[in-house]
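Enquirer: Okay, so here is start36.cif, and as you'll see once you scroll down, it has mmCIF, C-alpha atoms.
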data_model
#
loop_
_atom_site.label_atom_id
_atom_site.label_comp_id
_atom_site.auth_asym_id
_atom_site.auth_seq_id
_atom_site.Cartn_x
_atom_site.Cartn_y
_atom_site.Cartn_z
CA MET K 1 -75.82 -80.08 -16.63
CA ASN K 2 -76.73 -76.54 -15.60
CA PHE K 3 -74.70 -73.46 -16.63
CA LEU K 4 -72.37 -73.62 -13.62
CA GLU K 5 -71.69 -77.36 -13.88
CA ASP K 6 -71.01 -76.82 -17.54
CA ARG K 7 -68.46 -74.12 -16.79
CA ILE K 8 -66.79 -76.20 -14.07
CA VAL K 9 -66.32 -79.06 -16.53
CA LYS K 10 -64.94 -76.70 -19.18
CA GLU K 11 -62.55 -74.63 -17.06
CA GLY K 12 -62.22 -76.15 -13.61
CA SER K 13 -59.31 -78.38 -12.74
CA VAL K 14 -59.04 -81.00 -10.04
CA LYS K 15 -55.93 -81.01 -7.87
CA PRO K 16 -54.76 -83.63 -5.40
CA GLY K 17 -56.18 -83.26 -1.89
CA GLY K 18 -59.78 -82.60 -2.93
CA ILE K 19 -59.06 -79.18 -4.40
CA LEU K 20 -61.06 -77.81 -7.31
CA LYS K 21 -59.55 -74.80 -9.05
CA VAL K 22 -62.09 -72.42 -10.56
CA ASP K 23 -59.71 -69.49 -10.71
CA SER K 24 -60.53 -68.51 -14.25
CA PHE K 25 -64.15 -67.54 -13.61
CA LEU K 26 -65.15 -67.68 -9.94
CA ASN K 27 -62.54 -66.52 -7.46
CA HIS K 28 -59.48 -64.95 -9.03
CA GLN K 29 -60.53 -63.81 -12.48
CA LEU K 30 -64.27 -63.23 -12.23
CA ASP K 31 -66.69 -63.70 -15.10
CA ILE K 32 -69.29 -61.10 -14.21
CA ALA K 33 -71.89 -62.44 -16.67
CA LEU K 34 -71.67 -65.83 -14.94
CA LEU K 35 -71.93 -64.24 -11.49
CA GLU K 36 -75.01 -62.32 -12.61
CA LYS K 37 -76.55 -65.61 -13.72
CA ILE K 38 -75.69 -67.20 -10.36
CA GLY K 39 -77.28 -64.22 -8.62
CA ARG K 40 -80.50 -64.56 -10.61
CA GLU K 41 -80.61 -68.31 -9.96
CA PHE K 42 -80.33 -67.83 -6.17
CA THR K 43 -83.00 -65.14 -6.30
CA ARG K 44 -85.26 -67.58 -8.13
CA ARG K 45 -84.58 -70.43 -5.70
CA PHE K 46 -85.36 -68.31 -2.63
CA ALA K 47 -88.22 -66.39 -4.26
CA GLY K 48 -91.16 -65.56 -2.02
CA LYS K 49 -89.16 -65.70 1.20
CA PRO K 50 -88.93 -62.36 2.98
CA ILE K 51 -85.22 -61.50 3.21
CA THR K 52 -83.81 -58.35 4.84
CA LYS K 53 -80.05 -58.98 4.53
CA VAL K 54 -77.61 -61.05 2.54
CA LEU K 55 -74.63 -62.25 4.57
CA THR K 56 -71.36 -63.52 3.13
CA ILE K 57 -67.75 -63.86 4.17
CA GLU K 58 -64.73 -62.14 2.67
CA SER K 59 -63.35 -62.38 0.17
CA SER K 60 -64.53 -64.82 -2.49
CA GLY K 61 -68.14 -64.78 -1.30
CA ILE K 62 -68.53 -61.07 -2.04
CA ALA K 63 -68.81 -61.21 -5.83
CA ILE K 64 -71.37 -64.02 -5.61
CA ALA K 65 -73.45 -62.30 -2.95
CA TYR K 66 -73.36 -58.90 -4.68
CA PRO K 67 -75.84 -59.63 -7.49
CA VAL K 68 -78.11 -61.52 -5.07
CA ALA K 69 -78.32 -58.54 -2.70
CA ARG K 70 -78.88 -56.22 -5.66
CA GLU K 71 -81.70 -58.36 -7.05
CA LEU K 72 -83.32 -58.57 -3.61
CA GLY K 73 -82.80 -54.87 -2.91
CA VAL K 74 -81.27 -55.49 0.52
CA PRO K 75 -77.90 -54.64 2.13
CA LEU K 76 -75.00 -57.06 1.84
CA VAL K 77 -73.18 -57.69 5.11
CA VAL K 78 -69.63 -59.00 4.73
CA ALA K 79 -68.32 -60.98 7.70
CA LYS K 80 -64.67 -60.08 8.26
CA LYS K 81 -61.96 -62.65 8.75
CA SER K 82 -59.79 -60.49 10.93
CA HIS K 83 -60.73 -58.34 13.84
CA SER K 84 -59.14 -55.22 12.41
CA VAL K 85 -58.65 -51.83 13.98
CA GLN K 86 -61.58 -50.65 11.83
CA LEU K 87 -63.98 -52.94 13.67
CA ASN K 88 -63.36 -52.10 17.28
CA GLY K 89 -66.64 -51.89 19.06
CA GLU K 90 -69.34 -54.44 19.56
CA VAL K 91 -68.99 -57.50 17.35
CA TYR K 92 -70.31 -61.02 17.08
CA ILE K 93 -67.46 -63.53 16.76
CA ALA K 94 -67.37 -67.10 15.41
CA GLU K 95 -64.43 -69.43 14.97
CA ILE K 96 -63.91 -71.05 11.57
CA GLU K 97 -61.54 -73.78 10.55
CA SER K 98 -60.45 -73.30 6.96
CA TYR K 99 -60.39 -76.31 4.68
CA THR K 100 -57.49 -75.45 2.44
CA GLY K 101 -55.50 -73.31 4.83
CA LYS K 102 -55.76 -75.76 7.72
CA THR K 103 -55.97 -72.88 10.14
CA VAL K 104 -58.54 -71.63 12.63
CA HIS K 105 -59.52 -68.01 12.36
CA GLN K 106 -62.15 -65.72 13.76
CA VAL K 107 -64.91 -64.23 11.70
CA VAL K 108 -66.71 -61.14 12.95
CA VAL K 109 -69.73 -59.00 12.21
CA ALA K 110 -70.46 -55.69 13.92
CA LYS K 111 -73.54 -56.11 16.09
CA LYS K 112 -75.27 -53.10 14.56
CA TYR K 113 -75.53 -54.81 11.17
CA LEU K 114 -77.50 -57.85 12.35
CA CYS K 115 -80.58 -57.49 14.55
CA SER K 116 -83.31 -59.82 15.79
CA GLU K 117 -85.74 -58.66 13.07
CA ASP K 118 -83.33 -59.63 10.31
CA ARG K 119 -84.17 -62.49 7.96
CA VAL K 120 -80.83 -63.47 6.49
CA LEU K 121 -79.84 -65.26 3.29
CA ILE K 122 -76.28 -66.60 3.61
CA ILE K 123 -74.27 -66.83 0.38
CA ASP K 124 -70.81 -68.31 -0.21
CA ASP K 125 -68.75 -69.74 -3.04
CA PHE K 126 -67.75 -73.16 -1.67
CA LEU K 127 -69.16 -75.64 0.83
CA ALA K 128 -66.86 -78.45 1.94
CA ASN K 129 -66.71 -79.38 5.62
CA GLY K 130 -69.28 -76.68 6.39
CA CYS K 131 -67.21 -74.83 8.98
CA ALA K 132 -67.50 -71.45 7.25
CA LEU K 133 -71.27 -71.79 6.88
CA GLN K 134 -71.68 -72.93 10.46
CA GLY K 135 -69.67 -69.92 11.55
CA LEU K 136 -71.96 -67.62 9.57
CA ILE K 137 -75.06 -69.36 10.97
CA SER K 138 -73.74 -68.87 14.49
CA LEU K 139 -73.27 -65.13 13.83
CA VAL K 140 -76.93 -64.89 12.76
CA ASP K 141 -77.97 -66.92 15.81
CA ALA K 142 -75.94 -64.67 18.08
CA ALA K 143 -77.94 -61.72 16.78
CA ASP K 144 -81.20 -63.60 17.39
CA ALA K 145 -81.92 -63.15 13.70
CA THR K 146 -83.34 -65.82 11.35
CA VAL K 147 -81.46 -67.82 8.72
CA VAL K 148 -83.90 -67.91 5.79
CA GLY K 149 -81.63 -70.03 3.65
CA LEU K 150 -78.12 -70.69 2.41
CA GLY K 151 -76.97 -70.43 -1.19
CA ILE K 152 -73.72 -72.01 -2.32
CA ALA K 153 -72.15 -71.97 -5.76
CA ILE K 154 -70.17 -75.23 -5.50
CA GLU K 155 -70.74 -77.91 -2.86
CA LYS K 156 -68.28 -80.72 -2.40
CA GLY K 157 -70.89 -83.40 -1.87
CA PHE K 158 -68.25 -85.93 -0.89
CA GLN K 159 -67.52 -83.93 2.26
CA GLU K 160 -69.89 -83.78 5.19
CA GLY K 161 -70.79 -80.06 5.27
CA GLY K 162 -73.90 -80.09 3.08
CA HIS K 163 -75.31 -83.20 4.74
CA ARG K 164 -74.75 -81.73 8.18
CA ILE K 165 -76.40 -78.40 7.39
CA ARG K 166 -79.43 -79.98 5.66
CA ASN K 167 -79.80 -82.31 8.66
CA LEU K 168 -80.06 -79.27 10.90
CA GLY K 169 -83.16 -78.33 8.90
CA TYR K 170 -81.78 -75.42 6.92
CA HIS K 171 -82.86 -74.64 3.37
CA LEU K 172 -79.56 -75.09 1.56
CA GLU K 173 -79.30 -74.60 -2.21
CA SER K 174 -76.09 -75.50 -4.00
CA LEU K 175 -75.97 -74.76 -7.72
CA ALA K 176 -73.43 -77.51 -8.38
CA ILE K 177 -72.94 -80.49 -6.07
CA ILE K 178 -69.84 -82.55 -6.80
CA ASP K 179 -70.25 -86.16 -5.75
CA SER K 180 -66.78 -87.17 -6.83
CA MET K 181 -63.78 -85.76 -8.59
CA ASP K 182 -60.54 -87.36 -9.58
CA ALA K 183 -57.25 -85.47 -9.77
CA GLU K 184 -55.65 -88.01 -12.10
CA SER K 185 -58.35 -88.33 -14.75
CA GLY K 186 -59.87 -84.90 -14.10
CA VAL K 187 -63.33 -86.47 -14.13
CA ILE K 188 -65.98 -84.60 -12.10
CA THR K 189 -69.31 -86.21 -11.27
CA PHE K 190 -72.23 -84.01 -10.27
CA ARG K 191 -75.20 -85.01 -8.15
CA GLN K 192 -78.47 -85.04 -10.07
CA GLN K 193 -80.69 -82.27 -8.76
CA PRO K 194 -84.41 -81.71 -9.47
CA MET W 195 -71.05 -32.29 -2.59
CA ASN W 196 -71.49 -35.33 -4.78
CA PHE W 197 -73.49 -38.42 -3.72
CA LEU W 198 -70.50 -40.16 -2.09
CA GLU W 199 -69.27 -37.09 -0.19
CA ASP W 200 -72.82 -36.61 0.98
CA ARG W 201 -72.99 -40.16 2.31
CA ILE W 202 -69.59 -39.87 4.00
CA VAL W 203 -70.76 -36.76 5.87
CA LYS W 204 -74.02 -38.46 6.87
CA GLU W 205 -72.68 -41.85 7.98
CA GLY W 206 -68.90 -41.81 8.11
CA SER W 207 -67.09 -41.27 11.36
CA VAL W 208 -63.58 -39.99 11.95
CA LYS W 209 -61.40 -41.87 14.40
CA PRO W 210 -58.04 -40.86 15.86
CA GLY W 211 -55.04 -41.79 13.74
CA GLY W 212 -56.47 -40.67 10.41
CA ILE W 213 -59.06 -43.42 10.23
CA LEU W 214 -62.39 -42.90 8.49
CA LYS W 215 -65.04 -45.50 9.23
CA VAL W 216 -67.48 -46.10 6.41
CA ASP W 217 -68.60 -49.48 7.68
CA SER W 218 -72.30 -48.86 7.28
CA PHE W 219 -72.28 -48.53 3.49
CA LEU W 220 -68.90 -49.25 1.89
CA ASN W 221 -66.89 -52.05 3.45
CA HIS W 222 -68.74 -54.05 6.07
CA GLN W 223 -72.41 -53.50 5.39
CA LEU W 224 -72.63 -52.67 1.69
CA ASP W 225 -75.26 -50.41 0.18
CA ILE W 226 -75.58 -51.96 -3.26
CA ALA W 227 -77.51 -49.02 -4.74
CA LEU W 228 -74.61 -46.74 -3.75
CA LEU W 229 -72.04 -49.15 -5.20
CA GLU W 230 -74.00 -49.28 -8.45
CA LYS W 231 -73.87 -45.48 -8.57
CA ILE W 232 -70.12 -45.54 -7.91
CA GLY W 233 -69.73 -48.08 -10.71
CA ARG W 234 -71.64 -45.91 -13.18
CA GLU W 235 -69.62 -42.85 -12.17
CA PHE W 236 -66.29 -44.61 -12.81
CA THR W 237 -67.58 -45.89 -16.13
CA ARG W 238 -68.50 -42.30 -17.06
CA ARG W 239 -65.12 -40.91 -15.98
CA PHE W 240 -63.15 -43.46 -17.98
CA ALA W 241 -65.55 -43.50 -20.95
CA GLY W 242 -63.98 -43.84 -24.37
CA LYS W 243 -60.83 -45.55 -23.12
CA PRO W 244 -60.42 -49.13 -24.35
CA ILE W 245 -60.32 -51.34 -21.25
CA THR W 246 -59.93 -55.12 -21.29
CA LYS W 247 -59.73 -55.91 -17.55
CA VAL W 248 -60.64 -54.38 -14.23
CA LEU W 249 -58.12 -55.13 -11.48
CA THR W 250 -58.78 -54.79 -7.76
CA ILE W 251 -57.45 -56.21 -4.51
CA GLU W 252 -59.32 -58.35 -1.99
CA SER W 253 -61.43 -57.83 -0.16
CA SER W 254 -63.06 -54.41 0.07
CA GLY W 255 -62.20 -53.47 -3.52
CA ILE W 256 -64.32 -56.29 -4.95
CA ALA W 257 -67.77 -54.82 -4.41
CA ILE W 258 -66.66 -51.48 -5.89
CA ALA W 259 -64.98 -53.06 -8.90
CA TYR W 260 -67.86 -55.47 -9.61
CA PRO W 261 -70.33 -52.97 -11.11
CA VAL W 262 -67.51 -51.28 -13.05
CA ALA W 263 -66.49 -54.56 -14.69
CA ARG W 264 -70.13 -55.38 -15.39
CA GLU W 265 -70.77 -51.99 -17.01
CA LEU W 266 -67.61 -52.33 -19.13
CA GLY W 267 -68.34 -55.98 -20.00
CA VAL W 268 -64.84 -57.15 -19.04
CA PRO W 269 -63.46 -59.68 -16.53
CA LEU W 270 -62.63 -58.57 -12.99
CA VAL W 271 -59.26 -59.80 -11.75
CA VAL W 272 -58.91 -59.88 -7.96
CA ALA W 273 -55.33 -59.66 -6.69
CA LYS W 274 -54.91 -61.99 -3.72
CA LYS W 275 -53.32 -60.95 -0.47
CA SER W 276 -51.98 -64.35 0.38
CA HIS W 277 -50.17 -66.83 -1.78
CA SER W 278 -52.60 -69.66 -1.05
CA VAL W 279 -52.41 -73.28 -2.01
CA GLN W 280 -55.01 -72.50 -4.67
CA LEU W 281 -52.60 -70.22 -6.49
CA ASN W 282 -49.56 -72.38 -6.89
CA GLY W 283 -48.20 -71.88 -10.35
CA GLU W 284 -46.93 -68.82 -12.10
CA VAL W 285 -47.77 -65.58 -10.34
CA TYR W 286 -46.77 -61.94 -10.34
CA ILE W 287 -45.95 -60.75 -6.83
CA ALA W 288 -45.84 -57.27 -5.32
CA GLU W 289 -45.18 -56.21 -1.74
CA ILE W 290 -47.67 -53.89 -0.08
CA GLU W 291 -47.45 -52.09 3.22
CA SER W 292 -50.87 -51.72 4.77
CA TYR W 293 -51.83 -48.38 6.28
CA THR W 294 -54.06 -49.46 9.11
CA GLY W 295 -52.53 -52.85 9.82
CA LYS W 296 -48.94 -51.59 9.77
CA THR W 297 -47.81 -54.83 8.17
CA VAL W 298 -46.14 -55.77 4.90
CA HIS W 299 -47.82 -58.45 2.84
CA GLN W 300 -47.56 -59.89 -0.61
CA VAL W 301 -50.20 -59.45 -3.26
CA VAL W 302 -50.32 -61.85 -6.18
CA VAL W 303 -52.00 -62.32 -9.54
CA ALA W 304 -51.72 -65.46 -11.62
CA LYS W 305 -49.75 -64.66 -14.76
CA LYS W 306 -52.39 -66.11 -17.05
CA TYR W 307 -54.90 -63.40 -16.05
CA LEU W 308 -52.78 -60.43 -17.11
CA CYS W 309 -51.08 -60.30 -20.49
CA SER W 310 -49.24 -57.66 -22.49
CA GLU W 311 -52.33 -56.84 -24.58
CA ASP W 312 -54.36 -55.99 -21.50
CA ARG W 313 -55.50 -52.44 -20.87
CA VAL W 314 -56.29 -52.37 -17.18
CA LEU W 315 -58.49 -50.14 -15.05
CA ILE W 316 -57.47 -50.42 -11.40
CA ILE W 317 -60.24 -49.91 -8.82
CA ASP W 318 -60.01 -49.76 -5.03
CA ASP W 319 -61.97 -48.38 -2.10
CA PHE W 320 -59.35 -46.25 -0.34
CA LEU W 321 -56.21 -44.39 -1.30
CA ALA W 322 -53.98 -43.20 1.54
CA ASN W 323 -50.22 -43.66 1.27
CA GLY W 324 -50.65 -45.28 -2.15
CA CYS W 325 -48.86 -48.53 -1.35
CA ALA W 326 -51.74 -50.77 -2.40
CA LEU W 327 -52.19 -48.91 -5.70
CA GLN W 328 -48.47 -48.95 -6.40
CA GLY W 329 -48.47 -52.69 -5.75
CA LEU W 330 -51.33 -53.14 -8.24
CA ILE W 331 -49.56 -50.93 -10.79
CA SER W 332 -46.41 -53.01 -10.43
CA LEU W 333 -48.41 -56.20 -11.10
CA VAL W 334 -49.72 -54.67 -14.34
CA ASP W 335 -46.19 -53.52 -15.24
CA ALA W 336 -44.82 -56.99 -14.55
CA ALA W 337 -47.27 -58.36 -17.12
CA ASP W 338 -46.19 -55.70 -19.63
CA ALA W 339 -49.80 -54.60 -19.70
CA THR W 340 -51.06 -50.98 -19.67
CA VAL W 341 -52.62 -49.10 -16.77
CA VAL W 342 -55.43 -47.14 -18.42
CA GLY W 343 -56.46 -45.45 -15.21
CA LEU W 344 -57.16 -45.81 -11.51
CA GLY W 345 -60.51 -45.27 -9.83
CA ILE W 346 -60.76 -44.76 -6.08
CA ALA W 347 -63.85 -44.26 -3.97
CA ILE W 348 -62.26 -42.29 -1.12
CA GLU W 349 -58.86 -40.62 -1.28
CA LYS W 350 -57.22 -39.27 1.83
CA GLY W 351 -55.87 -36.14 0.18
CA PHE W 352 -53.85 -35.26 3.27
CA GLN W 353 -51.65 -38.31 2.67
CA GLU W 354 -49.15 -38.51 -0.14
CA GLY W 355 -50.52 -41.41 -2.22
CA GLY W 356 -52.72 -39.48 -4.64
CA HIS W 357 -50.12 -36.81 -5.26
CA ARG W 358 -47.44 -39.41 -5.91
CA ILE W 359 -49.53 -41.41 -8.36
CA ARG W 360 -50.72 -38.34 -10.29
CA ASN W 361 -47.09 -37.16 -10.47
CA LEU W 362 -46.20 -40.43 -12.15
CA GLY W 363 -48.59 -39.42 -14.93
CA TYR W 364 -51.44 -41.82 -14.22
CA HIS W 365 -55.07 -40.91 -14.77
CA LEU W 366 -56.37 -41.18 -11.22
CA GLU W 367 -60.00 -40.45 -10.41
CA SER W 368 -61.13 -40.29 -6.79
CA LEU W 369 -64.84 -39.77 -6.20
CA ALA W 370 -64.25 -38.13 -2.82
CA ILE W 371 -60.96 -36.49 -1.83
CA ILE W 372 -60.69 -35.65 1.84
CA ASP W 373 -58.37 -32.71 2.45
CA SER W 374 -58.76 -32.78 6.20
CA MET W 375 -60.75 -34.56 8.86
CA ASP W 376 -60.85 -34.08 12.57
CA ALA W 377 -61.55 -36.88 15.02
CA GLU W 378 -62.64 -34.53 17.79
CA SER W 379 -65.13 -32.37 15.91
CA GLY W 380 -65.91 -34.97 13.25
CA VAL W 381 -65.58 -32.29 10.57
CA ILE W 382 -64.56 -33.58 7.13
CA THR W 383 -63.39 -31.18 4.41
CA PHE W 384 -63.48 -32.34 0.78
CA ARG W 385 -61.33 -31.06 -2.03
CA GLN W 386 -63.27 -29.15 -4.67
CA GLN W 387 -63.26 -31.13 -7.90
CA PRO W 388 -64.36 -29.97 -11.36
#
Transcribe the structure of this file into structure tokens.
Expert:
Amino acid sequence: MNFLEDRIVKEGSVKPGGILKVDSFLNHQLDIALLEKIGREFTRRFAGKPITKVLTIESSGIAIAYPVARELGVPLVVAKKSHSVQLNGEVYIAEIESYTGKTVHQVVVAKKYLCSEDRVLIIDDFLANGCALQGLISLVDAADATVVGLGIAIEKGFQEGGHRIRNLGYHLESLAIIDSMDAESGVITFRQQP
Amino acid sequence: MNFLEDRIVKEGSVKPGGILKVDSFLNHQLDIALLEKIGREFTRRFAGKPITKVLTIESSGIAIAYPVARELGVPLVVAKKSHSVQLNGEVYIAEIESYTGKTVHQVVVAKKYLCSEDRVLIIDDFLANGCALQGLISLVDAADATVVGLGIAIEKGFQEGGHRIRNLGYHLESLAIIDSMDAESGVITFRQQP
């Protein structure tokens, strides 16, 4: 087990409906030392690829993408979930269906922060059905920029998102891939990774 | 002018209705080097005070609070704007009226992440009417914890929030306090700080 899988086993809890709670270290109370480690691991996995921007989506992607952008020395662009009054002007828009919320919402990025020369590393906390990632990919595509890779903290390998995105030819790195998890026993099985 | 005021003058833009856009470096595209500098400055201003947690509110507070929590070596607790399915269980709830959105929403923190021994530094990006900060203060109060101080990147000094919170006796540090700004001329006047 790697450091993240280890932490998931120690502190994560499985809830009915395919929900994994990692509130104590990843998305409500944040363990900064762990996030720094995640940042360094992504930097290592995408080393040697020219990257000009890190792109994530508010809000739980931000703290994972922050150390990655810092290590790479590039700006972090945060896609916004609501088209607020602050963002009037030219924006790229994608529609995303949330897994837990069971709602469809728009995600937007101001056009001036993604251009055709950009080589973008997409970072997010969870990958399940892949809708959020596909939304982020479509924002990069809309800007005629290049998706260099996608880094995910926790992938639910028993849902189709990861499979679908790898099939499209993208370089997707998930630090922990859960092949199965059981709400009753609490048992979590991770996919073996090289 | 300090480094943040300088950046606001260079890249911020004033919109009608008391709106300051700092999209290019603070809350849509993030300049990590600037955020690191903000983090170090807050750490300096609250140096010597025992702090056990940093508390912020999603989503634009996260990237400002991250380097502060890292420098202090404490967990970062992110108050959530919606009471999602992920947060069922015991929570503290406060009501916050948003300035730009003109809506009232709840902000919640799971009870297990704030306890009476906690000494909390509250960090956020903007301070205008003070509703968000007062909501965060009330979450800390509900936990019987102590507010050690509040650190804000940009305070709109022409609104009542900062005055109100200082009057309550809190140690509030704002890196840039805007005394006036004019949408037509674009002129921004900062309050002189020691």
Enquirer: Can you give me, as JSON, numbers by chain, the residues this file yields under the PyMOL selection byres ((chain K) within 9 of (chain W))?
Expert: {"K": [19, 20, 21, 23, 24, 25, 27, 28, 29, 30, 31, 32, 33, 36, 58, 59, 60, 62, 63, 66, 67, 69, 70, 73, 74, 75, 76, 77, 78, 79, 80, 84, 85, 86, 87, 100, 101, 109, 110, 112, 113]}
Enquirer: Please give the centre and size of the box around segment 220-239 of chain W (axis-aligned, containing every atom listed in the file, 5 Å added per side), with values in Å to one decimal and written as AutoDock Vina command-line options.
Expert:
--center_x -71.3 --center_y -47.5 --center_z -5.5 --size_x 22.4 --size_y 23.1 --size_z 33.1
Enquirer: Check which residues satisfy the PyMOL selection byres ((chain W and resi 235) around 12) in the file shown, then give them as an MDAnalysis selection string.
Expert: chainID W and resid 196:198 228:234 236:241 258:259 261:262 265:266 345:347 367:370
Enquirer: Dump C-alpha atoms for the selected residues as a PDB file, in the frame of the given file?
Expert:
ATOM      1  CA  ASN W 196     -71.490 -35.330  -4.780  1.00  0.00           C
ATOM      2  CA  PHE W 197     -73.490 -38.420  -3.720  1.00  0.00           C
ATOM      3  CA  LEU W 198     -70.500 -40.160  -2.090  1.00  0.00           C
ATOM      4  CA  LEU W 228     -74.610 -46.740  -3.750  1.00  0.00           C
ATOM      5  CA  LEU W 229     -72.040 -49.150  -5.200  1.00  0.00           C
ATOM      6  CA  GLU W 230     -74.000 -49.280  -8.450  1.00  0.00           C
ATOM      7  CA  LYS W 231     -73.870 -45.480  -8.570  1.00  0.00           C
ATOM      8  CA  ILE W 232     -70.120 -45.540  -7.910  1.00  0.00           C
ATOM      9  CA  GLY W 233     -69.730 -48.080 -10.710  1.00  0.00           C
ATOM     10  CA  ARG W 234     -71.640 -45.910 -13.180  1.00  0.00           C
ATOM     11  CA  PHE W 236     -66.290 -44.610 -12.810  1.00  0.00           C
ATOM     12  CA  THR W 237     -67.580 -45.890 -16.130  1.00  0.00           C
ATOM     13  CA  ARG W 238     -68.500 -42.300 -17.060  1.00  0.00           C
ATOM     14  CA  ARG W 239     -65.120 -40.910 -15.980  1.00  0.00           C
ATOM     15  CA  PHE W 240     -63.150 -43.460 -17.980  1.00  0.00           C
ATOM     16  CA  ALA W 241     -65.550 -43.500 -20.950  1.00  0.00           C
ATOM     17  CA  ILE W 258     -66.660 -51.480  -5.890  1.00  0.00           C
ATOM     18  CA  ALA W 259     -64.980 -53.060  -8.900  1.00  0.00           C
ATOM     19  CA  PRO W 261     -70.330 -52.970 -11.110  1.00  0.00           C
ATOM     20  CA  VAL W 262     -67.510 -51.280 -13.050  1.00  0.00           C
ATOM     21  CA  GLU W 265     -70.770 -51.990 -17.010  1.00  0.00           C
ATOM     22  CA  LEU W 266     -67.610 -52.330 -19.130  1.00  0.00           C
ATOM     23  CA  GLY W 345     -60.510 -45.270  -9.830  1.00  0.00           C
ATOM     24  CA  ILE W 346     -60.760 -44.760  -6.080  1.00  0.00           C
ATOM     25  CA  ALA W 347     -63.850 -44.260  -3.970  1.00  0.00           C
ATOM     26  CA  GLU W 367     -60.000 -40.450 -10.410  1.00  0.00           C
ATOM     27  CA  SER W 368     -61.130 -40.290  -6.790  1.00  0.00           C
ATOM     28  CA  LEU W 369     -64.840 -39.770  -6.200  1.00  0.00           C
ATOM     29  CA  ALA W 370     -64.250 -38.130  -2.820  1.00  0.00           C
TER      30      ALA W 370
END
Enquirer: Take the PyMOL selection byres ((chain W and resi 195) around 12), run it mentally on this structure, and tell me the resulting residues as a list in words.
Expert: Asn196, Phe197, Leu198, Glu199, Asp200, Arg201, Ile202, Val203, Lys204, Leu369, Ala370, Ile371, Ile372, Ile382, Thr383, Phe384, Arg385, Gln386, Gln387 and Pro388 of chain W
Enquirer: Export C-alpha atoms of the chosen residues as a compact mmCIF listing (two decimals), in the frame of the given file?
Expert:
# COMPACT_ATOMS: atom_id res chain seq x y z
CA ASN W 196 -71.49 -35.33 -4.78
CA PHE W 197 -73.49 -38.42 -3.72
CA LEU W 198 -70.50 -40.16 -2.09
CA GLU W 199 -69.27 -37.09 -0.19
CA ASP W 200 -72.82 -36.61 0.98
CA ARG W 201 -72.99 -40.16 2.31
CA ILE W 202 -69.59 -39.87 4.00
CA VAL W 203 -70.76 -36.76 5.87
CA LYS W 204 -74.02 -38.46 6.87
CA LEU W 369 -64.84 -39.77 -6.20
CA ALA W 370 -64.25 -38.13 -2.82
CA ILE W 371 -60.96 -36.49 -1.83
CA ILE W 372 -60.69 -35.65 1.84
CA ILE W 382 -64.56 -33.58 7.13
CA THR W 383 -63.39 -31.18 4.41
CA PHE W 384 -63.48 -32.34 0.78
CA ARG W 385 -61.33 -31.06 -2.03
CA GLN W 386 -63.27 -29.15 -4.67
CA GLN W 387 -63.26 -31.13 -7.90
CA PRO W 388 -64.36 -29.97 -11.36
Enquirer: Can you work out the spacing between atom CA of Gly130 of chain K and atom CA of Gly162 of chain K in Å, to one decimal?
Expert: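 Value for the atom CA of Gly130 of chain K-atom CA of Gly162 of chain K distance: 6.6 Å.
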Enquirer: Rounded to one decimal in Å, what is the spacing between atom CA of Glu117 of chain K and atom CA of Asp141 of chain K?
Expert: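 Atom CA of Asp141 of chain K lies 11.7 Å from atom CA of Glu117 of chain K.
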Enquirer: Counting all atoms listed in the file, find the residues whose atoms lie at most 10 Å from (-71.9, -79.7, 7.0) (file coordinates) and write them out as a list in words.
Expert: Leu127, Ala128, Asn129, Gly130, Cys131, Ala132, Leu133, Gln134, Gly157, Gln159, Glu160, Gly161, Gly162, His163, Arg164, Ile165, Arg166, Asn167 and Leu168 of chain K
Enquirer: Leaving out Ala288 of chain W and any residue of its chain fewer than 2 positions from it, which residues lie within 10 Å of it when counting only C-alpha atoms, given as a ChimeraX atom specification?
Expert: /W:273,275,285-286,290,299-303,326,328-333,336
Enquirer: With C-alpha atoms retained, could you export that selection as a CSV table (one decimal), in the frame of the given file?
Expert:
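Contents of result-v5.csv, freshly written:
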chain,number,residue,atom,x,y,z
W,273,ALA,CA,-55.3,-59.7,-6.7
W,275,LYS,CA,-53.3,-61.0,-0.5
W,285,VAL,CA,-47.8,-65.6,-10.3
W,286,TYR,CA,-46.8,-61.9,-10.3
W,290,ILE,CA,-47.7,-53.9,-0.1
W,299,HIS,CA,-47.8,-58.4,2.8
W,300,GLN,CA,-47.6,-59.9,-0.6
W,301,VAL,CA,-50.2,-59.4,-3.3
W,302,VAL,CA,-50.3,-61.8,-6.2
W,303,VAL,CA,-52.0,-62.3,-9.5
W,326,ALA,CA,-51.7,-50.8,-2.4
W,328,GLN,CA,-48.5,-49.0,-6.4
W,329,GLY,CA,-48.5,-52.7,-5.8
W,330,LEU,CA,-51.3,-53.1,-8.2
W,331,ILE,CA,-49.6,-50.9,-10.8
W,332,SER,CA,-46.4,-53.0,-10.4
W,333,LEU,CA,-48.4,-56.2,-11.1
W,336,ALA,CA,-44.8,-57.0,-14.6
Enquirer: Enter the distance from atom CA of Ile316 of chain W to atom CA of Ile123 of chain K, in Å, rounded to one decimal.
Expert: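 These two atoms are separated by 26.3 Å.
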Enquirer: Between W:Thr340, W:Cys309, W:Val381, W:Glu289, which one has atoms that come closest to Gly206 of chain W, using only C-alpha atoms?
Expert: W:Val381
